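S.K.: Okay, here's the structure, questions in a sec.
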Amino acid sequence: MKDINKIILIVLDSLGIGELPDSADYSDKGADTLGHIIKAMGRGYNLNNLSKLGLYNISNTSFQNNQKNVIGCYGKMATKSPAKDTTAGHWELSGIVLDKPFPTYPNGFPKNLIEEFEKQTGIKVLGNCVASGTEIIQKLGLQHEQTGYPIVYTSADSVFQIACSEETFGLEKLYDICRIARNLLQGEHAVGRVIARPFIKKDGAYVRTTNRHDFSLTPAGTTVLDLFYNSGGQVISVGKIYDIFAGKSISKAYKTKSNIEGIEKTIELIKQPSEKNTFIFTNLVDFDMLWGHRRNIEAYAKGIKYFDDKLPEIINTLNKNDVLIITADHGCDPSYTKHTDHTREYVPLLIYGKQLKNNVDLGIRSSLSDVGQTIADIFKLSKLKNGTSFKADII
């Protein structure tokens, strides 16, 4: 067997596969992102290529329907961190388990914090409330354009979001005040992400653009990205991975504006020969941002089917010494009606490589960090603080 020299980790952002045992503590009892999508779409809906990797063979899921001739290894993973947000999920995949969740603000941000932000930016703010991003720009967009005051809001996640018009406020100015917010939001107010939410006016309504930018905390510990990068390998990010890890231990970064662009860029990168060990880390955010939060079941289903249809091309592009890992970071059940936020769920674990075993059930993993630990194990790197490697099960 030749040594593996390329890992491709694709995160289908928010594709949960059923409630975690503690889901009720997060107001998510009964959530099942993929299961509810499959049920809603009916008999004609089938993810043929993901099923070949073992998706339908994952035990104790609502869509379990054991398939023969599975060519991948499969299982599901629980989130160990006491959180259900993007940053916590991706950090845990890389080896960091949070001791406590990032702070959230169900009543808006403290007055003294907003006043300090206004002082440092020299601008008053609008909003300071929990809101839907698409709704608050309709409500306050005109006032923002008239006053030049940025719209500040949050959600059930640990985020400080700033919405401004690209046309009247300016994109770079928006990014600048987000950097001020990121520097300010430390310590007890160290939210997971400060998010720039630019919008424009189109056909009489305000619509968000694709120029979103996330300003994350620097990871609070050693990640598999650090180990890989420091060993001389190259870490390539696709999508918002660079933002989630604050650029730390990333050799090259490719921003994308859609799942389609992210998939195509990933395929292009797999094809490129490399003399170094390579770790391609891709996030496909449309599942979460465009369809999960907006509770659009049909669009979410079409998005999964599109990825499923592209999967053979991804697999056929792999070299003999490449390994493909497909997973998620949390759930965001588009059928869930109690709220429009992320849902506390298990996530799928699907692995394929031409040198790997096939039809191996990896069971229920107790932490997403098993992925990071396995990558470290495959490349003979130092052991991470968290996670249990499943290298021996797949090779």
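Convention: chains lettered A, B, ... in structure tokens order; per-chain residue numbering from 1; ligands numbered from 1 as shown.
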Please identify every residue of stretch 243-353 of chain A that has at least one atom no farther than 12 Å from an atom of stretch 187-201 of chain A, counting only C-alpha atoms, and for each give the shortest atom pair and the distance in Å to one decimal, arranged by chain then increasing number, as a Markdown table.
M.R.:
| residue | atom | partner | partner_atom | distance |
| --- | --- | --- | --- | --- |
| A:Asp243 | CA | A:Arg193 | CA | 8.9 |
| A:Ile244 | CA | A:Arg193 | CA | 7.9 |
| A:Phe245 | CA | A:Arg193 | CA | 10.4 |
| A:Ala246 | CA | A:Arg193 | CA | 9.8 |
| A:Met289 | CA | A:Arg197 | CA | 11.9 |
S.K.: Just the selected residues (all heavy atoms), exported as a PDB file, in the first residue's frame, please.
M.R.:
ATOM      1  N   ASP A 243     -12.126  31.652   7.059  1.00  0.00           N
ATOM      2  CA  ASP A 243     -12.726  32.543   8.048  1.00  0.00           C
ATOM      3  C   ASP A 243     -12.930  31.844   9.392  1.00  0.00           C
ATOM      4  O   ASP A 243     -12.665  32.420  10.452  1.00  0.00           O
ATOM      5  CB  ASP A 243     -14.080  33.062   7.549  1.00  0.00           C
ATOM      6  CG  ASP A 243     -13.951  33.968   6.334  1.00  0.00           C
ATOM      7  OD1 ASP A 243     -12.828  34.462   6.078  1.00  0.00           O
ATOM      8  OD2 ASP A 243     -14.957  34.172   5.642  1.00  0.00           O
ATOM      9  N   ILE A 244     -13.406  30.612   9.359  1.00  0.00           N
ATOM     10  CA  ILE A 244     -13.710  29.877  10.591  1.00  0.00           C
ATOM     11  C   ILE A 244     -12.458  29.678  11.440  1.00  0.00           C
ATOM     12  O   ILE A 244     -12.526  29.702  12.677  1.00  0.00           O
ATOM     13  CB  ILE A 244     -14.358  28.517  10.250  1.00  0.00           C
ATOM     14  CG1 ILE A 244     -15.740  28.730   9.620  1.00  0.00           C
ATOM     15  CG2 ILE A 244     -14.474  27.631  11.489  1.00  0.00           C
ATOM     16  CD1 ILE A 244     -16.333  27.478   8.994  1.00  0.00           C
ATOM     17  N   PHE A 245     -11.307  29.493  10.776  1.00  0.00           N
ATOM     18  CA  PHE A 245     -10.059  29.262  11.504  1.00  0.00           C
ATOM     19  C   PHE A 245      -9.179  30.519  11.563  1.00  0.00           C
ATOM     20  O   PHE A 245      -8.007  30.439  11.922  1.00  0.00           O
ATOM     21  CB  PHE A 245      -9.296  28.098  10.879  1.00  0.00           C
ATOM     22  CG  PHE A 245      -9.955  26.770  11.126  1.00  0.00           C
ATOM     23  CD1 PHE A 245     -10.907  26.273  10.246  1.00  0.00           C
ATOM     24  CD2 PHE A 245      -9.665  26.025  12.264  1.00  0.00           C
ATOM     25  CE1 PHE A 245     -11.535  25.053  10.487  1.00  0.00           C
ATOM     26  CE2 PHE A 245     -10.288  24.813  12.516  1.00  0.00           C
ATOM     27  CZ  PHE A 245     -11.235  24.327  11.627  1.00  0.00           C
ATOM     28  N   ALA A 246      -9.775  31.666  11.247  1.00  0.00           N
ATOM     29  CA  ALA A 246      -9.072  32.961  11.301  1.00  0.00           C
ATOM     30  C   ALA A 246      -7.761  32.919  10.510  1.00  0.00           C
ATOM     31  O   ALA A 246      -6.785  33.594  10.862  1.00  0.00           O
ATOM     32  CB  ALA A 246      -8.818  33.372  12.756  1.00  0.00           C
ATOM     33  N   MET A 289     -26.977  28.278   5.040  1.00  0.00           N
ATOM     34  CA  MET A 289     -27.296  29.708   4.923  1.00  0.00           C
ATOM     35  C   MET A 289     -28.531  29.974   4.071  1.00  0.00           C
ATOM     36  O   MET A 289     -29.393  30.777   4.439  1.00  0.00           O
ATOM     37  CB  MET A 289     -26.091  30.451   4.342  1.00  0.00           C
ATOM     38  CG  MET A 289     -26.271  31.953   4.223  1.00  0.00           C
ATOM     39  SD  MET A 289     -24.783  32.782   3.623  1.00  0.00           S
ATOM     40  CE  MET A 289     -24.718  32.228   1.914  1.00  0.00           C
TER      41      MET A 289
END
S.K.: Once DSSP has gone over the backbone, tell me which residues of stretch 21-199 of chain A are in helix (DSSP H, G or I), as a count of residues only.
M.R.: 72
S.K.: Would you please give, as a PyMOL selection string, all residues of stretch 137-255 of chain A that DSSP assigns to strand (DSSP E) based on the backbone?
M.R.: chain A and resi 151-154+159-165+193-202+205-208+213-216+234-238+252-254
S.K.: At a cut-off of 8 Å, using only C-alpha atoms, what residues contact A:Ile364? Leave out same-chain residues fewer than 2 positions from it and give the result as a list in words.
M.R.: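 That gives Gly75, Lys76, Met77, Ala78, Leu362 and Ser366 of chain A.
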S.K.: Env of A:Leu350: 10 Å cut, atoms = only C-alpha atoms, seq-sep filter 3 positions within chain, self excluded. Answer as a PyMOL selection string.
M.R.: chain A and resi 10+50-55+58+72-76+324-327+347+361-362
S.K.: Write out as JSON, numbers by chain which residues come within 6 Å of A:Gly95 when counting only C-alpha atoms, dropping same-chain ones fewer than 2 positions away.
M.R.: {"A": [92, 93, 223, 369, 372, 386]}
S.K.: Set out as CSV a contact list for stretch 209-309 of chain A and stretch 162-172 of chain A with a cut-off of 10 Å, giving each residue of stretch 209-309 of chain A that qualifies its closest atom pair and distance in Å to one decimal, counting only C-alpha atoms, ordered by chain and rising residue number.
M.R.:
residue,atom,partner,partner_atom,distance
A:Thr209,CA,A:Glu166,CA,8.5
A:Asn211,CA,A:Leu171,CA,8.1
A:Arg212,CA,A:Leu171,CA,9.5
S.K.: Emit the selected residues as an mmCIF file, in the first residue's frame, including all heavy atoms.
M.R.:
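Below is the file out_38.cif, written as the result:
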data_model
loop_
_atom_site.group_PDB
_atom_site.id
_atom_site.type_symbol
_atom_site.label_atom_id
_atom_site.label_comp_id
_atom_site.auth_asym_id
_atom_site.auth_seq_id
_atom_site.Cartn_x
_atom_site.Cartn_y
_atom_site.Cartn_z
ATOM 1 N N THR A 209 -25.997 40.181 -0.485
ATOM 2 C CA THR A 209 -25.081 39.813 -1.559
ATOM 3 C C THR A 209 -24.207 38.641 -1.109
ATOM 4 O O THR A 209 -24.269 38.198 0.032
ATOM 5 C CB THR A 209 -24.175 40.995 -1.964
ATOM 6 O OG1 THR A 209 -23.171 41.176 -0.956
ATOM 7 C CG2 THR A 209 -24.984 42.277 -2.126
ATOM 8 N N ASN A 211 -21.053 38.774 -0.742
ATOM 9 C CA ASN A 211 -19.800 39.302 -0.192
ATOM 10 C C ASN A 211 -19.743 39.246 1.331
ATOM 11 O O ASN A 211 -19.024 40.017 1.965
ATOM 12 C CB ASN A 211 -19.575 40.740 -0.675
ATOM 13 C CG ASN A 211 -19.270 40.787 -2.151
ATOM 14 O OD1 ASN A 211 -18.503 39.972 -2.664
ATOM 15 N ND2 ASN A 211 -19.879 41.718 -2.864
ATOM 16 N N ARG A 212 -20.488 38.320 1.896
ATOM 17 C CA ARG A 212 -20.404 38.055 3.333
ATOM 18 C C ARG A 212 -18.953 37.730 3.719
ATOM 19 O O ARG A 212 -18.214 37.095 2.968
ATOM 20 C CB ARG A 212 -21.301 36.870 3.667
ATOM 21 C CG ARG A 212 -20.990 36.191 4.992
ATOM 22 C CD ARG A 212 -21.808 34.943 5.168
ATOM 23 N NE ARG A 212 -21.391 34.198 6.344
ATOM 24 C CZ ARG A 212 -22.145 33.309 6.971
ATOM 25 N NH1 ARG A 212 -23.360 33.047 6.527
ATOM 26 N NH2 ARG A 212 -21.703 32.667 8.021
#
S.K.: My list of candidates is A:Glu313, A:Asp99, A:Asp226, A:Asp85. Which is closest to A:Glu264 when distances are computed with only C-alpha atoms?
M.R.: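 Of the candidates, the smallest distance to A:Glu264 is held by A:Glu313.
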S.K.: Pick the closest to A:Ser59 from A:Lys271, A:Arg365, A:Lys80, A:Arg294: which is it, counting only C-alpha atoms?
M.R.: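 Of A:Lys271, A:Arg365, A:Lys80, A:Arg294, the one nearest A:Ser59, counting only C-alpha atoms, is A:Arg365.
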S.K.: Find the residues near A:Ala392: any atom within 10 Å, counting only C-alpha atoms, skip ones fewer than 4 places away on the same chain, and give them as an NGL selection string.
M.R.: :A and (374 or 377-378)
S.K.: Could you save those same residues with N, CA, C and O atoms as a JSON list (two decimals), in the first residue's frame?
M.R.:
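selection-v2.json, written as the output of this step:
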[["chain", "number", "residue", "atom", "x", "y", "z"],
["A", 374, "THR", "N", -7.96, 11.06, 13.33],
["A", 374, "THR", "CA", -7.67, 10.08, 12.28],
["A", 374, "THR", "C", -6.74, 10.65, 11.22],
["A", 374, "THR", "O", -5.81, 9.98, 10.77],
["A", 377, "ASP", "N", -3.35, 10.68, 12.59],
["A", 377, "ASP", "CA", -2.84, 9.31, 12.64],
["A", 377, "ASP", "C", -2.37, 8.84, 11.26],
["A", 377, "ASP", "O", -1.29, 8.24, 11.12],
["A", 378, "ILE", "N", -3.17, 9.11, 10.25],
["A", 378, "ILE", "CA", -2.81, 8.69, 8.89],
["A", 378, "ILE", "C", -1.47, 9.28, 8.45],
["A", 378, "ILE", "O", -0.65, 8.62, 7.82]]
S.K.: Pick from A:Asn69, A:Asn230, A:Thr266, A:Gln64: nearest to A:Ile315, with only C-alpha atoms counted?
M.R.: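 Of all the options, A:Thr266 lies closest to A:Ile315.
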S.K.: Give me, as a list in words, all polymer residues having an atom no more than 9 Å from A:Gly221, counting only C-alpha atoms and skipping those fewer than 3 positions away in the same chain.
M.R.: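 So, after excluding close chain neighbours, the residues are Gly95, Ile96, Thr218 and Lys385 of chain A.
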S.K.: Quick one: distance from atom CA of A:Ser81 to atom CA of A:Leu381 in Å, one decimal?
M.R.: 23.6 Å
S.K.: Sorted by chain and rising residue number, list the residues of stretch 282-305 of chain A at most 10 Å from stretch 34-46 of chain A (counting only C-alpha atoms), each with its closest atom pair and distance in Å to one decimal, as a tab-separated table.
M.R.:
residue	atom	partner	partner_atom	distance
A:Asn296	CA	A:Ile37	CA	9.8
A:Ile297	CA	A:Ile37	CA	6.2
A:Glu298	CA	A:Met41	CA	7.5
A:Ala299	CA	A:Ile37	CA	10.0
A:Tyr300	CA	A:Ile37	CA	7.7
A:Ala301	CA	A:Ile37	CA	6.2
A:Lys302	CA	A:Tyr45	CA	9.6
A:Ile304	CA	A:Leu34	CA	9.2
A:Lys305	CA	A:Asn46	CA	8.0
S.K.: Could you save those same residues with N, CA, C and O atoms as a tab-separated table (two decimals), in the first residue's frame?
M.R.:
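What ended up in result_11.tsv:
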chain	number	residue	atom	x	y	z
A	296	ASN	N	-36.33	25.99	3.82
A	296	ASN	CA	-36.72	25.68	2.45
A	296	ASN	C	-36.38	24.22	2.15
A	296	ASN	O	-35.27	23.91	1.70
A	297	ILE	N	-37.32	23.34	2.41
A	297	ILE	CA	-37.08	21.90	2.28
A	297	ILE	C	-36.73	21.52	0.84
A	297	ILE	O	-35.77	20.78	0.59
A	298	GLU	N	-37.52	22.00	-0.11
A	298	GLU	CA	-37.32	21.60	-1.50
A	298	GLU	C	-35.96	22.03	-2.02
A	298	GLU	O	-35.26	21.26	-2.70
A	299	ALA	N	-35.56	23.28	-1.72
A	299	ALA	CA	-34.27	23.77	-2.20
A	299	ALA	C	-33.12	23.00	-1.54
A	299	ALA	O	-32.12	22.68	-2.19
A	300	TYR	N	-33.28	22.70	-0.26
A	300	TYR	CA	-32.27	21.92	0.45
A	300	TYR	C	-32.13	20.54	-0.20
A	300	TYR	O	-31.02	20.05	-0.47
A	301	ALA	N	-33.27	19.91	-0.49
A	301	ALA	CA	-33.27	18.59	-1.13
A	301	ALA	C	-32.57	18.64	-2.48
A	301	ALA	O	-31.77	17.75	-2.82
A	302	LYS	N	-32.84	19.66	-3.27
A	302	LYS	CA	-32.20	19.80	-4.58
A	302	LYS	C	-30.70	20.00	-4.43
A	302	LYS	O	-29.91	19.50	-5.24
A	304	ILE	N	-28.77	18.83	-1.98
A	304	ILE	CA	-28.14	17.54	-1.66
A	304	ILE	C	-28.06	16.67	-2.91
A	304	ILE	O	-27.06	16.01	-3.16
A	305	LYS	N	-29.14	16.68	-3.70
A	305	LYS	CA	-29.16	15.87	-4.92
A	305	LYS	C	-28.09	16.34	-5.90
A	305	LYS	O	-27.44	15.52	-6.56
S.K.: For a quick check of understanding, using only C-alpha atoms, which of A:Thr86, A:Thr147, A:Ser155, A:Asn183 has the smallest distance to A:Gln120?
M.R.: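 Checking each candidate against A:Gln120, we get A:Asn183 as the closest.
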